[in-house]
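To start, the structure under review is shown below, and the notes come after it.
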Amino acid sequence: MKDTFKHQGLRQQLVNIIKAKGIIDDNVLNAIGNVPRHLFMDSGFIDHAYQDKAFPIAANQTISQPYTVAFQTELLEVKSGAKILEIGTGCGYQTAVLCELGAKVYSIERQNELFKNTSKFLPKLGYRAKKLIFGDGYKGLPDEAPFDGIIVTAGAPFVPKPLLSQLKVGGRLVIPVGTDVQTMTLFVRKAAKEFEQHEYGDFRFVPLLEDKN
Ligand code: SAH
């Protein structure tokens with residue numbers, strides 16, 4: 001596993017691209033500039049690593065588009081030391097971006113193959129999530145709640161109630177909601193029973209799957 005000057009240069013170009021698309025948070029831009037995205041992809045796709053595009057990974061899943069990762073992370077307003085729950089670990093790229101921001105990351109993945117691979121891979125790059133969990137993200141992580149932020153990285157047909165209830169007051173849930181196309185949605189918990197909701201346009205994700213058993 002190598003990160004060369006060439007990769008770093010390509011990554012800086014990627015940072016400029018997502019900046020031009022409207023990402024302004026310097027911490028987020030630095031995180032994207034630091035995470036070696038090419039190492040998260042199958043070798044056959046390495047040449048595509050620094051294009052602003054989603055790509056296929058194992059188990060019919062995708063590595064999210066860098067702009068989307070940056071956009072969701074910016075909405076999450078991650079402070080160093082914040083406790084963050086991610087739903088949909090996948091290859092761990094978003095997890096790594098959150099680690100770069102100094103978050104204590106808990107991340108749930110429902111596909112065992114991805115869970116196992118990513119659990120081995122992230123520490124090799126020096127990214128240590130607090131916990132990677134094999135399980136169903138619809139339920140959130142009640143044992144570790146409440147969270148400063150929750151980020152869902154798959155398209156949710158509806159907003160799972162447990163995720164709202166596992167936010168701290170002041171906490172933020174960033175979730176793409178919809179079936180074919182998803183509306184990026186932010187919930188801010190203003191008080192125990194009061195949530196503010198904001199919408200940020202259309203995105204496309206693989207579906208957040210429900211385990212029917
Ligand atoms: N965060 C990843 C994106 C992975 S794609 C990145 O940075 O690239 C979305 C992931 O959500 C897939 O790995 C998929 O298996 C997972 N997923 C789908 N439904 C889920 C569920 N109910 N609970 C947890 N993970 C789920």
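Every chain in the structure tokens takes a letter, A first, then B, and so on in the order presented; its residues are numbered from 1, and the ligands are numbered from 1 following the presented order.
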
Which residues come within 10 Å of stretch 100-110 of chain A, counting only C-alpha atoms, excluding same-chain residues fewer than 3 positions away, as a PyMOL selection string?
chain A and resi 27-28+30-32+34-35+73+77-92+94-97+113-116+118+127-141+144+147-152+208-211

Would you output that residue set with C-alpha atoms, as an mmCIF file, in the first residue's frame?
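The new file again.cif reads:
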```cif
data_model
loop_
_atom_site.group_PDB
_atom_site.id
_atom_site.type_symbol
_atom_site.label_atom_id
_atom_site.label_comp_id
_atom_site.auth_asym_id
_atom_site.auth_seq_id
_atom_site.Cartn_x
_atom_site.Cartn_y
_atom_site.Cartn_z
ATOM 1 C CA ASN A 27 -11.374 20.963 7.954
ATOM 2 C CA VAL A 28 -13.477 18.900 5.559
ATOM 3 C CA ASN A 30 -8.175 18.989 4.480
ATOM 4 C CA ALA A 31 -9.645 15.624 5.429
ATOM 5 C CA ILE A 32 -10.450 14.831 1.787
ATOM 6 C CA ASN A 34 -5.451 13.574 3.488
ATOM 7 C CA VAL A 35 -7.352 10.318 2.969
ATOM 8 C CA THR A 73 -19.628 15.776 6.436
ATOM 9 C CA GLU A 77 -20.469 20.019 11.579
ATOM 10 C CA VAL A 78 -18.066 17.582 13.247
ATOM 11 C CA LYS A 79 -16.040 18.948 16.134
ATOM 12 C CA SER A 80 -12.881 17.198 17.308
ATOM 13 C CA GLY A 81 -13.831 14.622 19.946
ATOM 14 C CA ALA A 82 -17.461 14.462 18.817
ATOM 15 C CA LYS A 83 -19.245 11.139 19.073
ATOM 16 C CA ILE A 84 -20.469 10.204 15.591
ATOM 17 C CA LEU A 85 -22.513 7.234 14.386
ATOM 18 C CA GLU A 86 -22.209 6.218 10.741
ATOM 19 C CA ILE A 87 -24.709 3.871 9.071
ATOM 20 C CA GLY A 88 -23.191 1.989 6.111
ATOM 21 C CA THR A 89 -19.435 1.571 6.702
ATOM 22 C CA GLY A 90 -18.834 0.067 3.252
ATOM 23 C CA CYS A 91 -15.153 0.358 2.406
ATOM 24 C CA GLY A 92 -14.623 2.863 5.210
ATOM 25 C CA GLN A 94 -16.354 8.169 4.985
ATOM 26 C CA THR A 95 -15.239 6.600 8.269
ATOM 27 C CA ALA A 96 -11.657 7.666 7.512
ATOM 28 C CA VAL A 97 -12.775 11.222 6.722
ATOM 29 C CA GLU A 113 -17.809 -9.422 3.926
ATOM 30 C CA LEU A 114 -17.458 -5.643 3.896
ATOM 31 C CA PHE A 115 -17.547 -5.460 7.678
ATOM 32 C CA LYS A 116 -14.675 -7.948 7.950
ATOM 33 C CA THR A 118 -12.936 -2.889 6.409
ATOM 34 C CA TYR A 127 -7.668 4.999 11.158
ATOM 35 C CA ARG A 128 -9.049 3.730 14.436
ATOM 36 C CA ALA A 129 -12.796 3.918 14.755
ATOM 37 C CA LYS A 130 -14.117 3.561 18.308
ATOM 38 C CA LYS A 131 -16.213 0.631 17.125
ATOM 39 C CA LEU A 132 -17.085 -1.048 13.824
ATOM 40 C CA ILE A 133 -20.267 -3.053 14.147
ATOM 41 C CA PHE A 134 -21.792 -5.808 12.024
ATOM 42 C CA GLY A 135 -25.520 -5.169 12.232
ATOM 43 C CA ASP A 136 -28.606 -3.325 11.087
ATOM 44 C CA GLY A 137 -28.327 0.435 10.948
ATOM 45 C CA TYR A 138 -32.091 0.958 11.089
ATOM 46 C CA LYS A 139 -31.814 0.300 14.818
ATOM 47 C CA GLY A 140 -28.922 2.687 15.378
ATOM 48 C CA LEU A 141 -26.713 1.881 18.360
ATOM 49 C CA GLU A 144 -23.693 3.933 22.815
ATOM 50 C CA PHE A 147 -24.548 10.946 19.593
ATOM 51 C CA ASP A 148 -23.442 14.418 18.545
ATOM 52 C CA GLY A 149 -24.041 13.409 14.966
ATOM 53 C CA ILE A 150 -25.433 10.539 12.890
ATOM 54 C CA ILE A 151 -24.642 10.134 9.194
ATOM 55 C CA VAL A 152 -26.441 7.668 6.937
ATOM 56 C CA LEU A 208 -30.456 1.251 3.006
ATOM 57 C CA LEU A 209 -31.726 -2.317 3.250
ATOM 58 C CA GLU A 210 -34.020 -3.642 5.896
ATOM 59 C CA ASP A 211 -33.467 -7.134 7.237
#
```

Using DSSP secondary structure from the backbone, list all helix (DSSP H, G or I) positions within stretch 13-187 of chain A, as a VMD selection string.
chain A and resid 13 to 20 26 to 34 37 to 40 43 to 48 66 to 76 93 to 100 112 to 124 137 to 139 142 to 144 161 to 165

Atoms kept (C-alpha atoms) for selection, written as a PDB file, in the first residue's frame:
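What landed in result_6.pdb:
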```pdb
ATOM      1  CA  GLN A  13      -6.865  18.534  -7.691  1.00  0.00           C
ATOM      2  CA  LEU A  14      -9.853  16.642  -6.292  1.00  0.00           C
ATOM      3  CA  VAL A  15      -9.974  19.050  -3.340  1.00  0.00           C
ATOM      4  CA  ASN A  16     -10.048  21.954  -5.812  1.00  0.00           C
ATOM      5  CA  ILE A  17     -12.901  20.307  -7.724  1.00  0.00           C
ATOM      6  CA  ILE A  18     -15.108  19.848  -4.671  1.00  0.00           C
ATOM      7  CA  LYS A  19     -14.223  23.374  -3.517  1.00  0.00           C
ATOM      8  CA  ALA A  20     -15.444  24.675  -6.873  1.00  0.00           C
ATOM      9  CA  ASP A  26     -11.444  23.883   5.526  1.00  0.00           C
ATOM     10  CA  ASN A  27     -11.374  20.963   7.954  1.00  0.00           C
ATOM     11  CA  VAL A  28     -13.477  18.900   5.559  1.00  0.00           C
ATOM     12  CA  LEU A  29     -11.339  19.904   2.571  1.00  0.00           C
ATOM     13  CA  ASN A  30      -8.175  18.989   4.480  1.00  0.00           C
ATOM     14  CA  ALA A  31      -9.645  15.624   5.429  1.00  0.00           C
ATOM     15  CA  ILE A  32     -10.450  14.831   1.787  1.00  0.00           C
ATOM     16  CA  GLY A  33      -6.920  15.969   0.931  1.00  0.00           C
ATOM     17  CA  ASN A  34      -5.451  13.574   3.488  1.00  0.00           C
ATOM     18  CA  ARG A  37      -8.864   7.190  -1.541  1.00  0.00           C
ATOM     19  CA  HIS A  38      -7.030   5.037  -4.110  1.00  0.00           C
ATOM     20  CA  LEU A  39      -6.203   2.532  -1.374  1.00  0.00           C
ATOM     21  CA  PHE A  40      -9.928   2.006  -0.706  1.00  0.00           C
ATOM     22  CA  SER A  43      -6.752  -2.208  -8.041  1.00  0.00           C
ATOM     23  CA  GLY A  44      -8.655  -2.190 -11.337  1.00  0.00           C
ATOM     24  CA  PHE A  45     -10.232   1.136 -10.450  1.00  0.00           C
ATOM     25  CA  ILE A  46      -7.242   2.905  -8.968  1.00  0.00           C
ATOM     26  CA  ASP A  47      -6.928   5.235 -11.946  1.00  0.00           C
ATOM     27  CA  HIS A  48     -10.421   6.503 -11.131  1.00  0.00           C
ATOM     28  CA  PRO A  66     -16.033  12.517  -2.765  1.00  0.00           C
ATOM     29  CA  TYR A  67     -18.274  15.565  -3.200  1.00  0.00           C
ATOM     30  CA  THR A  68     -21.140  13.710  -1.520  1.00  0.00           C
ATOM     31  CA  VAL A  69     -18.899  12.621   1.358  1.00  0.00           C
ATOM     32  CA  ALA A  70     -17.693  16.214   1.760  1.00  0.00           C
ATOM     33  CA  PHE A  71     -21.237  17.607   1.532  1.00  0.00           C
ATOM     34  CA  GLN A  72     -22.641  15.264   4.172  1.00  0.00           C
ATOM     35  CA  THR A  73     -19.628  15.776   6.436  1.00  0.00           C
ATOM     36  CA  GLU A  74     -19.945  19.557   6.174  1.00  0.00           C
ATOM     37  CA  LEU A  75     -23.646  19.340   7.161  1.00  0.00           C
ATOM     38  CA  LEU A  76     -22.698  17.189  10.156  1.00  0.00           C
ATOM     39  CA  TYR A  93     -13.817   5.971   3.173  1.00  0.00           C
ATOM     40  CA  GLN A  94     -16.354   8.169   4.985  1.00  0.00           C
ATOM     41  CA  THR A  95     -15.239   6.600   8.269  1.00  0.00           C
ATOM     42  CA  ALA A  96     -11.657   7.666   7.512  1.00  0.00           C
ATOM     43  CA  VAL A  97     -12.775  11.222   6.722  1.00  0.00           C
ATOM     44  CA  LEU A  98     -14.552  11.365  10.097  1.00  0.00           C
ATOM     45  CA  CYS A  99     -11.446  10.019  11.851  1.00  0.00           C
ATOM     46  CA  GLU A 100      -9.367  12.746  10.158  1.00  0.00           C
ATOM     47  CA  ASN A 112     -20.436  -9.315   6.692  1.00  0.00           C
ATOM     48  CA  GLU A 113     -17.809  -9.422   3.926  1.00  0.00           C
ATOM     49  CA  LEU A 114     -17.458  -5.643   3.896  1.00  0.00           C
ATOM     50  CA  PHE A 115     -17.547  -5.460   7.678  1.00  0.00           C
ATOM     51  CA  LYS A 116     -14.675  -7.948   7.950  1.00  0.00           C
ATOM     52  CA  ASN A 117     -12.545  -6.433   5.191  1.00  0.00           C
ATOM     53  CA  THR A 118     -12.936  -2.889   6.409  1.00  0.00           C
ATOM     54  CA  SER A 119     -12.290  -3.859  10.040  1.00  0.00           C
ATOM     55  CA  LYS A 120      -8.888  -5.184   8.952  1.00  0.00           C
ATOM     56  CA  PHE A 121      -8.124  -2.450   6.449  1.00  0.00           C
ATOM     57  CA  LEU A 122      -8.779   0.821   8.314  1.00  0.00           C
ATOM     58  CA  PRO A 123      -6.274   0.211  11.157  1.00  0.00           C
ATOM     59  CA  LYS A 124      -3.595  -0.531   8.537  1.00  0.00           C
ATOM     60  CA  GLY A 137     -28.327   0.435  10.948  1.00  0.00           C
ATOM     61  CA  TYR A 138     -32.091   0.958  11.089  1.00  0.00           C
ATOM     62  CA  LYS A 139     -31.814   0.300  14.818  1.00  0.00           C
ATOM     63  CA  PRO A 142     -28.791   2.314  21.528  1.00  0.00           C
ATOM     64  CA  ASP A 143     -26.002   1.087  23.828  1.00  0.00           C
ATOM     65  CA  GLU A 144     -23.693   3.933  22.815  1.00  0.00           C
ATOM     66  CA  LYS A 161     -37.147   6.694  14.400  1.00  0.00           C
ATOM     67  CA  PRO A 162     -34.330   5.193  16.525  1.00  0.00           C
ATOM     68  CA  LEU A 163     -31.805   7.445  14.770  1.00  0.00           C
ATOM     69  CA  LEU A 164     -33.695  10.609  15.742  1.00  0.00           C
ATOM     70  CA  SER A 165     -34.083   9.404  19.315  1.00  0.00           C
TER      71      SER A 165
END
```

I'd like to know which residues of stretch 97-208 of chain A are strand (DSSP E) (by DSSP, run on the backbone); could you write them as a count of residues only?
47

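Interatomic distance, atom CA of A:Met41 to atom CA of A:Gln182: 24.5 Å.
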
Between atom CA of A:Asn60 and atom 14 (C, counted along the ligand's line) of ligand 1, what is the spacing in Å?
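It comes out at 8.6 Å.
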
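Each of A:Ala49, A:Thr4, A:Arg172, A:Lys21 was compared to ligand 1 using only C-alpha atoms and all ligand atoms, and A:Ala49 turns out to be the nearest.
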
Here is a test: counting only C-alpha atoms and all ligand atoms, which residue of A:Ile175, A:Ala192, A:Ile23, A:Ala154 is nearest to ligand 1?
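For ligand 1, the nearest of the candidates is A:Ala154.
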
Separation of atom CA of A:Gly155 and atom CA of A:Ala191, in Å?
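One can read the atom CA of A:Gly155 to atom CA of A:Ala191 distance as 26.3 Å.
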